[in-house]
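Visitor: I'd like to ask you about the structure that follows.
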Amino acid sequence: MTLAIRNIRVAFGGFQALDGVTLSMAAGDLVGLIGPNGAGKSTLFSVVSGFIAPDSGEVRFGDAPLDGLSPSARARTGLLRTFQVPREFSHLSVRDNLRAAAPGQVGEGLVGLFFRPGEVARQERAVTEKADAIIAFLKLDRVADVPAGRLSGGQKKLLELGRALMVEPRTILLDEPFAGVNPVLIAEIVERIRELNARGIGFLVIEHDLQALTRLVPVLHVMDRGRILASGDPAAVLDDPGVRAAYLGGVA
Amino acid sequence: MDAYLAAIAIVALIYILLALGLTLQYGLTGLINFGHVGFFAIGAYAAAILATHGAPLVLGFVAAAFFAGLAAWPIGLVSLRLRDDYFAIVTLGFSETVRLVITSEKWLTNGVQGIPAIPRLFSGLTVGIGAQLAVLAVLLAVTGAAVLAMRRIVRSPFGRIIEAIRDNEDGLRALGKEPARFKVQVLILGAGLAGLAGAFYAHYITYIVPDQFIPLVTFYVWMAIIIGGVGRISGAVVGTALLMILLEGSRFIRDVVPGISEVEMASIRLGVIGILLVLFTIYRPQGLMGDFSRK
């Protein structure tokens, strides 16, 4: 499913956070998105995932326009996101965080819960199995029963990825998956993203850790002041004088 | 069992029903309902009006839960558009509105004079405290059923979702779940429990007036769940029981300290509860039974 973002504009008061952003990625692409703080990267994620309504512009996922859909409706199309500051369900265990994300649960309705206990139990077994498989894949086994609020920053990043995987994602928007994560775990997360990408899941990754990101993605977009500054092969993009100027904060 | 103890137990169980409703709404879902007494009042008046017009008592209980739940429905729809703190104010305003409507609509509620002579339950059992014990037994059964149903909810997919709403609503929406439906359901269920409690209250007290349904009742229930531990079913039960013991027990202070008038006593009771609440928030903020975390 192609994700097509066209000419998105968002202003917060007098501040033009997104100033006509156009970006597209094909199904299964692995794409990086970088830029200095305040460039509008996370705002772009919020627009694409439906948390912020743009002033103009459109977002399409596959054949369907997403404009006007709620965040949850967008997630149900297979377009998932994670957050820069993890939004874990802090009092639920890691396993329950994942199980809460499972779609189509009969036991989420009160009628189903009390009048179809057999079906609820059967689904619970299946969902638990699936959650445990993802937990094992992300090597979170040791904290499976720990309340998510007690996890380290890196583990929370993995948890958010794990929850997204419960929803059968086609494309995942990852917001700074390496921020505050130790180098060993970063290598681990890079490996996991590669494996998932090999299974056909597309990723659009916001990241400040350029070293880790350039190891991961074949295509890089650079944002600055609400616009896409440069796009293409990571090495070439990072050599671009405009990009260097934006990152060093100097005058080009 | 002596009549006094039975009376305390009955009132305690009525409050436990209220506390269970609030535990569902706030403890599990994070909805700050400051208007719980409004649903309690609707239940009490629904049961009282029907019973004093000769309707079968069972119908009164069903109507109490139904109308309280029905009143929660629009509140639920409003809640979807409001931030937590504004929702708290809306619910508080709702319960005061209910009280004012009850006070004003004399044709239905008899206004400030209230509704007297509400039939007691099991009034046929006249031997000793037989009727009281029968009421106690029914209340125990109803409360027990409510506890079982809530345990089922907590351990279910529905329970996971409402706790996820409490912990991080946006996190849940990003996973394709719509919190709205769950919040409305939880509000209606909690209000239904409060309405049921109201019906038991009306039939037990046998005389209801608007002044019995002031916000203090709501905050007694809040105190109970905070003392017991928010988000825990056992916390609702234990917290309410402890609150009742303190409220009733402080009565006996007068036996020890002479010269305290009835009016002073009421203030002292509230003071004692207040101090206890402060001590709890300092030394055991998670309450007696622990808080949200299930593990």
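By order in the structure tokens, chains are A, B, ...; within a chain, residues start at 1; ligands start at 1, following the order shown.
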List the spatial neighbours of range 104-114 of chain A as a VMD selection string - criterion: any atom at most 6 Å away, only C-alpha atoms, same-chain residues fewer than 6 positions off excluded.

Guide: (chain A and resid 120) or (chain B and resid 157 to 158)

Visitor: Go ahead and save the picked residues with N, CA and C atoms, as a short mmCIF file (atom, residue, chain, number, x, y, z; two decimals), in the first residue's frame.

Guide:
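Contents of out.cif, freshly written:
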```cif
data_model
loop_
_atom_site.label_atom_id
_atom_site.label_comp_id
_atom_site.auth_asym_id
_atom_site.auth_seq_id
_atom_site.Cartn_x
_atom_site.Cartn_y
_atom_site.Cartn_z
N VAL A 120 -14.92 -16.11 23.77
CA VAL A 120 -13.97 -15.18 24.40
C VAL A 120 -12.73 -15.95 24.84
N PRO B 157 -11.02 -8.92 27.92
CA PRO B 157 -10.56 -7.95 26.92
C PRO B 157 -11.18 -6.56 27.17
N PHE B 158 -12.45 -6.52 27.56
CA PHE B 158 -13.09 -5.24 27.86
C PHE B 158 -12.34 -4.52 28.98
#
```

Visitor: Report as a list in words all protein, DNA and RNA residues lying within 9 Å of His203 in chain B, evaluated on only C-alpha atoms, omitting residues in the same chain fewer than 5 positions from it.

Guide: Ala44, Ala47, Ala48, Ala51, Ile118, Pro119, Arg120, Leu121 and Gly198 of chain B

Visitor: Output the selection as an mmCIF file, in the first residue's frame - C-alpha atoms for each residue.

Guide:
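Resulting contents of result05.cif:
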```
data_model
loop_
_atom_site.group_PDB
_atom_site.id
_atom_site.type_symbol
_atom_site.label_atom_id
_atom_site.label_comp_id
_atom_site.auth_asym_id
_atom_site.auth_seq_id
_atom_site.Cartn_x
_atom_site.Cartn_y
_atom_site.Cartn_z
ATOM 1 C CA ALA B 44 -33.844 6.387 44.943
ATOM 2 C CA ALA B 47 -37.947 3.381 43.202
ATOM 3 C CA ALA B 48 -39.759 5.564 45.746
ATOM 4 C CA ALA B 51 -43.424 2.005 45.076
ATOM 5 C CA ILE B 118 -41.810 4.224 51.133
ATOM 6 C CA PRO B 119 -42.588 0.572 51.810
ATOM 7 C CA ARG B 120 -39.913 -1.458 53.558
ATOM 8 C CA LEU B 121 -38.687 -4.578 51.857
ATOM 9 C CA GLY B 198 -30.469 4.339 45.493
#
```

Visitor: Write out as a list of chain:residue names all residues of range 109-222 of chain A that backbone DSSP assigns to strand (DSSP E or B).

Guide: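 Of range 109-222 of chain A, the ones in strand (DSSP E or B) are A:Pro147, A:Thr171, A:Ile172, A:Leu173, A:Leu174, A:Asp175, A:Gly202, A:Phe203, A:Leu204, A:Val205, A:Ile206, A:Val219, A:Leu220, A:His221, A:Val222.
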
Visitor: For a quick test of understanding: name the residues of chain B lying within 6 Å of chain A when counting only C-alpha atoms, and present them as a list of chain:residue names.

Guide: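 The answer, sorted by residue number, is B:Pro157, B:Phe158, B:Arg160, B:Ile161, B:Ala164, B:Asp167, B:Asn168, B:Gly171, B:Arg173, B:Ala174, B:Leu175, B:Gly176, B:Lys177, B:Glu178, B:Ser293.
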
Visitor: Which polymer residues have any atom within 9 Å of an atom of Ala241 in chain B, counting only C-alpha atoms, with same-chain residues fewer than 4 positions away left out, as a list in words?

Guide: Ala9, Ala12, Leu13, Tyr15, Ile16, Ala224, Gly228, Ala236, Val237, Ile245 and Leu246 of chain B

Visitor: Grab the residues selected above and save them as an mmCIF file, in the first residue's frame with C-alpha atoms.

Guide:
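Saved result, out_4.cif, follows:
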```cif
data_model
loop_
_atom_site.group_PDB
_atom_site.id
_atom_site.type_symbol
_atom_site.label_atom_id
_atom_site.label_comp_id
_atom_site.auth_asym_id
_atom_site.auth_seq_id
_atom_site.Cartn_x
_atom_site.Cartn_y
_atom_site.Cartn_z
ATOM 1 C CA ALA B 9 -24.144 -3.477 57.469
ATOM 2 C CA ALA B 12 -22.312 -0.199 54.258
ATOM 3 C CA LEU B 13 -23.477 -2.537 51.487
ATOM 4 C CA TYR B 15 -22.241 2.353 49.852
ATOM 5 C CA ILE B 16 -20.236 -0.589 48.543
ATOM 6 C CA ALA B 224 -13.857 5.114 50.473
ATOM 7 C CA GLY B 228 -9.296 1.180 49.925
ATOM 8 C CA ALA B 236 -13.918 -0.551 47.068
ATOM 9 C CA VAL B 237 -15.221 -3.112 49.551
ATOM 10 C CA ILE B 245 -16.654 1.828 60.831
ATOM 11 C CA LEU B 246 -15.031 5.230 61.269
#
```

Visitor: Can you tell me which residues surround Gly195 in chain B at a distance of at most 10 Å, considering only C-alpha atoms, apart from same-chain residues fewer than 4 positions away, and format the answer as a ChimeraX atom specification?

Guide: /B:17-18,21,36-47,61-69,189-191,199-201

Visitor: Would you output that residue set with C-alpha atoms, as an mmCIF file, in the first residue's frame?

Guide:
```cif
data_model
loop_
_atom_site.group_PDB
_atom_site.id
_atom_site.type_symbol
_atom_site.label_atom_id
_atom_site.label_comp_id
_atom_site.auth_asym_id
_atom_site.auth_seq_id
_atom_site.Cartn_x
_atom_site.Cartn_y
_atom_site.Cartn_z
ATOM 1 C CA LEU B 17 -22.538 -0.702 45.507
ATOM 2 C CA LEU B 18 -21.843 3.002 44.985
ATOM 3 C CA GLY B 21 -19.722 1.862 40.339
ATOM 4 C CA HIS B 36 -22.142 9.983 41.531
ATOM 5 C CA VAL B 37 -24.835 11.057 43.997
ATOM 6 C CA GLY B 38 -26.958 12.289 41.085
ATOM 7 C CA PHE B 39 -27.392 8.740 39.793
ATOM 8 C CA PHE B 40 -27.964 7.518 43.359
ATOM 9 C CA ALA B 41 -30.734 10.125 43.703
ATOM 10 C CA ILE B 42 -32.365 9.180 40.410
ATOM 11 C CA GLY B 43 -32.431 5.541 41.516
ATOM 12 C CA ALA B 44 -33.844 6.387 44.943
ATOM 13 C CA TYR B 45 -36.600 8.611 43.551
ATOM 14 C CA ALA B 46 -37.472 6.222 40.725
ATOM 15 C CA ALA B 47 -37.947 3.381 43.202
ATOM 16 C CA PHE B 61 -35.404 -1.665 41.339
ATOM 17 C CA VAL B 62 -35.245 -2.312 37.609
ATOM 18 C CA ALA B 63 -36.458 1.229 36.906
ATOM 19 C CA ALA B 64 -33.928 2.666 39.362
ATOM 20 C CA ALA B 65 -31.003 1.067 37.538
ATOM 21 C CA PHE B 66 -32.528 1.835 34.139
ATOM 22 C CA PHE B 67 -33.212 5.537 34.682
ATOM 23 C CA ALA B 68 -29.866 6.136 36.394
ATOM 24 C CA GLY B 69 -28.133 4.451 33.461
ATOM 25 C CA LEU B 189 -22.908 0.619 34.087
ATOM 26 C CA GLY B 190 -21.527 2.601 37.029
ATOM 27 C CA ALA B 191 -24.607 4.813 37.079
ATOM 28 C CA ALA B 199 -33.422 1.958 45.326
ATOM 29 C CA PHE B 200 -32.125 -0.049 48.292
ATOM 30 C CA TYR B 201 -31.529 3.198 50.142
#
```

Visitor: Between B:Gly229, B:Gly271, B:Pro116, B:Gly192, which is the closest to Ser250 in chain B once you count only C-alpha atoms?

Guide: B:Gly271

Visitor: I'd like the neighbourhood of Ile5 in chain A as a list in words, where a residue qualifies if any of its atoms comes within 12 Å (using only C-alpha atoms), though same-chain residues fewer than 6 positions away should be ignored.

Guide: Leu18, Gly20, Val21, Thr22, Leu23, Ser24, Met25, Ala26, Leu44, Phe45, Val47, Val48, Ser49, Pro54, Ser56, Gly57, Glu58, Val59, Arg60, Phe61, Gly62, Pro65, Leu66, Asp67 and Ile228 of chain A

Visitor: How would the residues just picked look written out with C-alpha atoms as a tab-separated table (two decimals), in the first residue's frame?

Guide:
```tsv
chain	number	residue	atom	x	y	z
A	18	LEU	CA	4.30	22.17	8.03
A	20	GLY	CA	3.60	22.12	2.02
A	21	VAL	CA	5.08	18.68	2.69
A	22	THR	CA	4.88	16.12	-0.08
A	23	LEU	CA	6.30	12.65	0.44
A	24	SER	CA	5.42	9.20	-0.75
A	25	MET	CA	6.57	5.68	-0.06
A	26	ALA	CA	5.60	2.42	-1.73
A	44	LEU	CA	3.81	15.25	10.07
A	45	PHE	CA	3.33	11.88	11.83
A	47	VAL	CA	-1.20	14.55	10.59
A	48	VAL	CA	-0.73	11.24	8.81
A	49	SER	CA	-2.07	9.27	11.80
A	54	PRO	CA	-4.03	19.72	8.49
A	56	SER	CA	-4.72	21.79	3.68
A	57	GLY	CA	-3.25	18.89	1.77
A	58	GLU	CA	-4.19	15.22	1.65
A	59	VAL	CA	-3.01	11.81	2.80
A	60	ARG	CA	-3.78	8.60	0.91
A	61	PHE	CA	-2.99	5.08	1.97
A	62	GLY	CA	-3.38	2.63	-0.91
A	65	PRO	CA	-7.99	8.85	1.14
A	66	LEU	CA	-7.50	9.08	4.89
A	67	ASP	CA	-8.62	12.68	5.26
A	228	ILE	CA	11.24	18.65	2.68
```

Visitor: Quick one: residues within 10 Å of Val217 in chain A, only C-alpha atoms, excluding same-chain residues fewer than 6 positions away - as an MDAnalysis selection string?

Guide: chainID A and resid 29:33 190 194 203:205 233:234

Visitor: Using only C-alpha atoms, which of the listed residues (A:Val94, A:Ala136, A:Val222, A:Leu238) sits closest to Lys156 in chain A?

Guide: A:Val94

Visitor: Residues within 9 Å of Asp84 in chain B, please, as an MDAnalysis selection string. Count only C-alpha atoms; anything in the same chain fewer than 6 positions from it doesn't count.

Guide: chainID B and resid 30:32

Visitor: What gap, in Å, lies between CA of Ala187 in chain A and CA of Ser42 in chain A?

Guide: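 Calculated distance between CA of Ala187 in chain A and CA of Ser42 in chain A is 23.1 Å.
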
Visitor: CA of Ile208 in chain B and CA of Gly54 in chain B, how far apart in Å?

Guide: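 Separation between CA of Gly54 in chain B and CA of Ile208 in chain B: 17.0 Å.
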
Visitor: Name the residues of range 25-251 of chain A that come out as helix (DSSP H, G or I) in a backbone DSSP run; write them as a PyMOL selection string.

Guide: chain A and resi 41-48+71-76+94-100+106-108+110-115+117-137+141-143+148-150+153-166+183-198+210-216+234-239+241-248

Visitor: Taking C-alpha atoms for each residue, export the selection above as an mmCIF file, in the first residue's frame.

Guide:
```cif
data_model
loop_
_atom_site.group_PDB
_atom_site.id
_atom_site.type_symbol
_atom_site.label_atom_id
_atom_site.label_comp_id
_atom_site.auth_asym_id
_atom_site.auth_seq_id
_atom_site.Cartn_x
_atom_site.Cartn_y
_atom_site.Cartn_z
ATOM 1 C CA LYS A 41 8.686 15.621 11.656
ATOM 2 C CA SER A 42 6.486 14.547 14.549
ATOM 3 C CA THR A 43 3.773 16.974 13.447
ATOM 4 C CA LEU A 44 3.815 15.247 10.072
ATOM 5 C CA PHE A 45 3.333 11.875 11.829
ATOM 6 C CA SER A 46 0.424 13.312 13.789
ATOM 7 C CA VAL A 47 -1.199 14.547 10.591
ATOM 8 C CA VAL A 48 -0.732 11.240 8.807
ATOM 9 C CA PRO A 71 -6.820 8.045 14.409
ATOM 10 C CA SER A 72 -8.344 4.672 15.272
ATOM 11 C CA ALA A 73 -9.951 4.290 11.843
ATOM 12 C CA ARG A 74 -6.601 5.028 10.198
ATOM 13 C CA ALA A 75 -4.863 2.459 12.384
ATOM 14 C CA ARG A 76 -7.426 -0.117 11.295
ATOM 15 C CA VAL A 94 3.793 -5.923 28.780
ATOM 16 C CA ARG A 95 1.719 -8.918 27.701
ATOM 17 C CA ASP A 96 -1.541 -7.087 28.398
ATOM 18 C CA ASN A 97 -0.271 -4.028 26.529
ATOM 19 C CA LEU A 98 0.079 -6.248 23.478
ATOM 20 C CA ARG A 99 -3.176 -8.120 24.050
ATOM 21 C CA ALA A 100 -5.068 -4.822 24.370
ATOM 22 C CA VAL A 106 -15.611 -10.539 21.061
ATOM 23 C CA GLY A 107 -14.788 -10.006 24.747
ATOM 24 C CA GLU A 108 -14.446 -6.264 24.196
ATOM 25 C CA LEU A 110 -20.181 -6.570 27.248
ATOM 26 C CA VAL A 111 -22.718 -8.828 25.549
ATOM 27 C CA GLY A 112 -20.020 -11.031 24.079
ATOM 28 C CA LEU A 113 -18.149 -11.059 27.361
ATOM 29 C CA PHE A 114 -21.064 -12.381 29.407
ATOM 30 C CA PHE A 115 -22.950 -14.435 26.828
ATOM 31 C CA PRO A 117 -17.645 -17.035 27.201
ATOM 32 C CA GLY A 118 -16.460 -19.941 25.063
ATOM 33 C CA GLU A 119 -15.639 -17.731 22.098
ATOM 34 C CA VAL A 120 -13.974 -15.185 24.404
ATOM 35 C CA ALA A 121 -11.791 -17.888 25.963
ATOM 36 C CA ARG A 122 -10.828 -19.267 22.545
ATOM 37 C CA GLN A 123 -9.843 -15.812 21.278
ATOM 38 C CA GLU A 124 -7.921 -15.126 24.474
ATOM 39 C CA ARG A 125 -5.798 -18.215 23.948
ATOM 40 C CA ALA A 126 -5.057 -17.209 20.353
ATOM 41 C CA VAL A 127 -4.275 -13.601 21.278
ATOM 42 C CA THR A 128 -2.033 -14.650 24.158
ATOM 43 C CA GLU A 129 -0.137 -16.965 21.852
ATOM 44 C CA LYS A 130 0.330 -14.220 19.294
ATOM 45 C CA ALA A 131 1.384 -11.687 21.943
ATOM 46 C CA ASP A 132 3.904 -14.131 23.401
ATOM 47 C CA ALA A 133 5.356 -14.809 19.964
ATOM 48 C CA ILE A 134 5.878 -11.081 19.390
ATOM 49 C CA ILE A 135 7.280 -10.702 22.909
ATOM 50 C CA ALA A 136 9.785 -13.454 22.146
ATOM 51 C CA PHE A 137 10.633 -11.893 18.759
ATOM 52 C CA ASP A 141 10.290 -12.302 27.537
ATOM 53 C CA ARG A 142 11.902 -11.389 30.815
ATOM 54 C CA VAL A 143 9.599 -8.421 31.335
ATOM 55 C CA ALA A 148 4.897 -1.368 31.312
ATOM 56 C CA GLY A 149 5.481 1.763 33.381
ATOM 57 C CA ARG A 150 8.539 0.140 34.921
ATOM 58 C CA GLY A 153 13.087 3.815 27.665
ATOM 59 C CA GLY A 154 14.397 1.365 25.098
ATOM 60 C CA GLN A 155 12.074 -1.409 26.241
ATOM 61 C CA LYS A 156 9.126 0.964 25.938
ATOM 62 C CA LYS A 157 10.125 1.681 22.340
ATOM 63 C CA LEU A 158 10.123 -2.055 21.673
ATOM 64 C CA LEU A 159 6.791 -2.401 23.454
ATOM 65 C CA GLU A 160 5.197 0.191 21.168
ATOM 66 C CA LEU A 161 6.557 -1.639 18.148
ATOM 67 C CA GLY A 162 5.188 -4.892 19.570
ATOM 68 C CA ARG A 163 1.726 -3.415 20.079
ATOM 69 C CA ALA A 164 1.709 -2.140 16.496
ATOM 70 C CA LEU A 165 2.620 -5.638 15.305
ATOM 71 C CA MET A 166 -0.498 -7.035 17.021
ATOM 72 C CA PRO A 183 23.857 0.962 21.600
ATOM 73 C CA VAL A 184 23.420 -2.785 22.092
ATOM 74 C CA LEU A 185 19.652 -2.463 22.076
ATOM 75 C CA ILE A 186 19.797 -0.126 19.054
ATOM 76 C CA ALA A 187 21.565 -2.823 17.051
ATOM 77 C CA GLU A 188 18.862 -5.205 18.246
ATOM 78 C CA ILE A 189 16.021 -2.902 17.168
ATOM 79 C CA VAL A 190 17.687 -2.287 13.770
ATOM 80 C CA GLU A 191 17.847 -6.043 13.284
ATOM 81 C CA ARG A 192 14.169 -6.499 14.203
ATOM 82 C CA ILE A 193 13.055 -3.721 11.851
ATOM 83 C CA ARG A 194 15.036 -5.330 9.026
ATOM 84 C CA GLU A 195 13.387 -8.700 9.654
ATOM 85 C CA LEU A 196 9.925 -7.150 9.732
ATOM 86 C CA ASN A 197 10.667 -5.212 6.568
ATOM 87 C CA ALA A 198 11.746 -8.452 4.895
ATOM 88 C CA LEU A 210 22.060 9.297 11.833
ATOM 89 C CA GLN A 211 24.605 6.513 12.149
ATOM 90 C CA ALA A 212 22.001 3.954 13.124
ATOM 91 C CA LEU A 213 19.469 5.291 10.653
ATOM 92 C CA THR A 214 21.785 5.303 7.626
ATOM 93 C CA ARG A 215 22.667 1.683 8.435
ATOM 94 C CA LEU A 216 18.970 0.883 8.239
ATOM 95 C CA PRO A 234 21.458 8.773 2.547
ATOM 96 C CA ALA A 235 25.119 9.478 1.769
ATOM 97 C CA ALA A 236 24.255 11.895 -1.037
ATOM 98 C CA VAL A 237 21.543 13.614 1.015
ATOM 99 C CA LEU A 238 23.832 14.149 3.990
ATOM 100 C CA ASP A 239 26.440 15.698 1.683
ATOM 101 C CA PRO A 241 25.155 21.768 1.441
ATOM 102 C CA GLY A 242 21.617 22.867 2.329
ATOM 103 C CA VAL A 243 21.197 19.871 4.649
ATOM 104 C CA ARG A 244 24.554 20.534 6.287
ATOM 105 C CA ALA A 245 23.594 24.154 6.852
ATOM 106 C CA ALA A 246 20.260 23.178 8.405
ATOM 107 C CA TYR A 247 21.918 20.685 10.730
ATOM 108 C CA LEU A 248 24.792 22.918 11.743
#
```
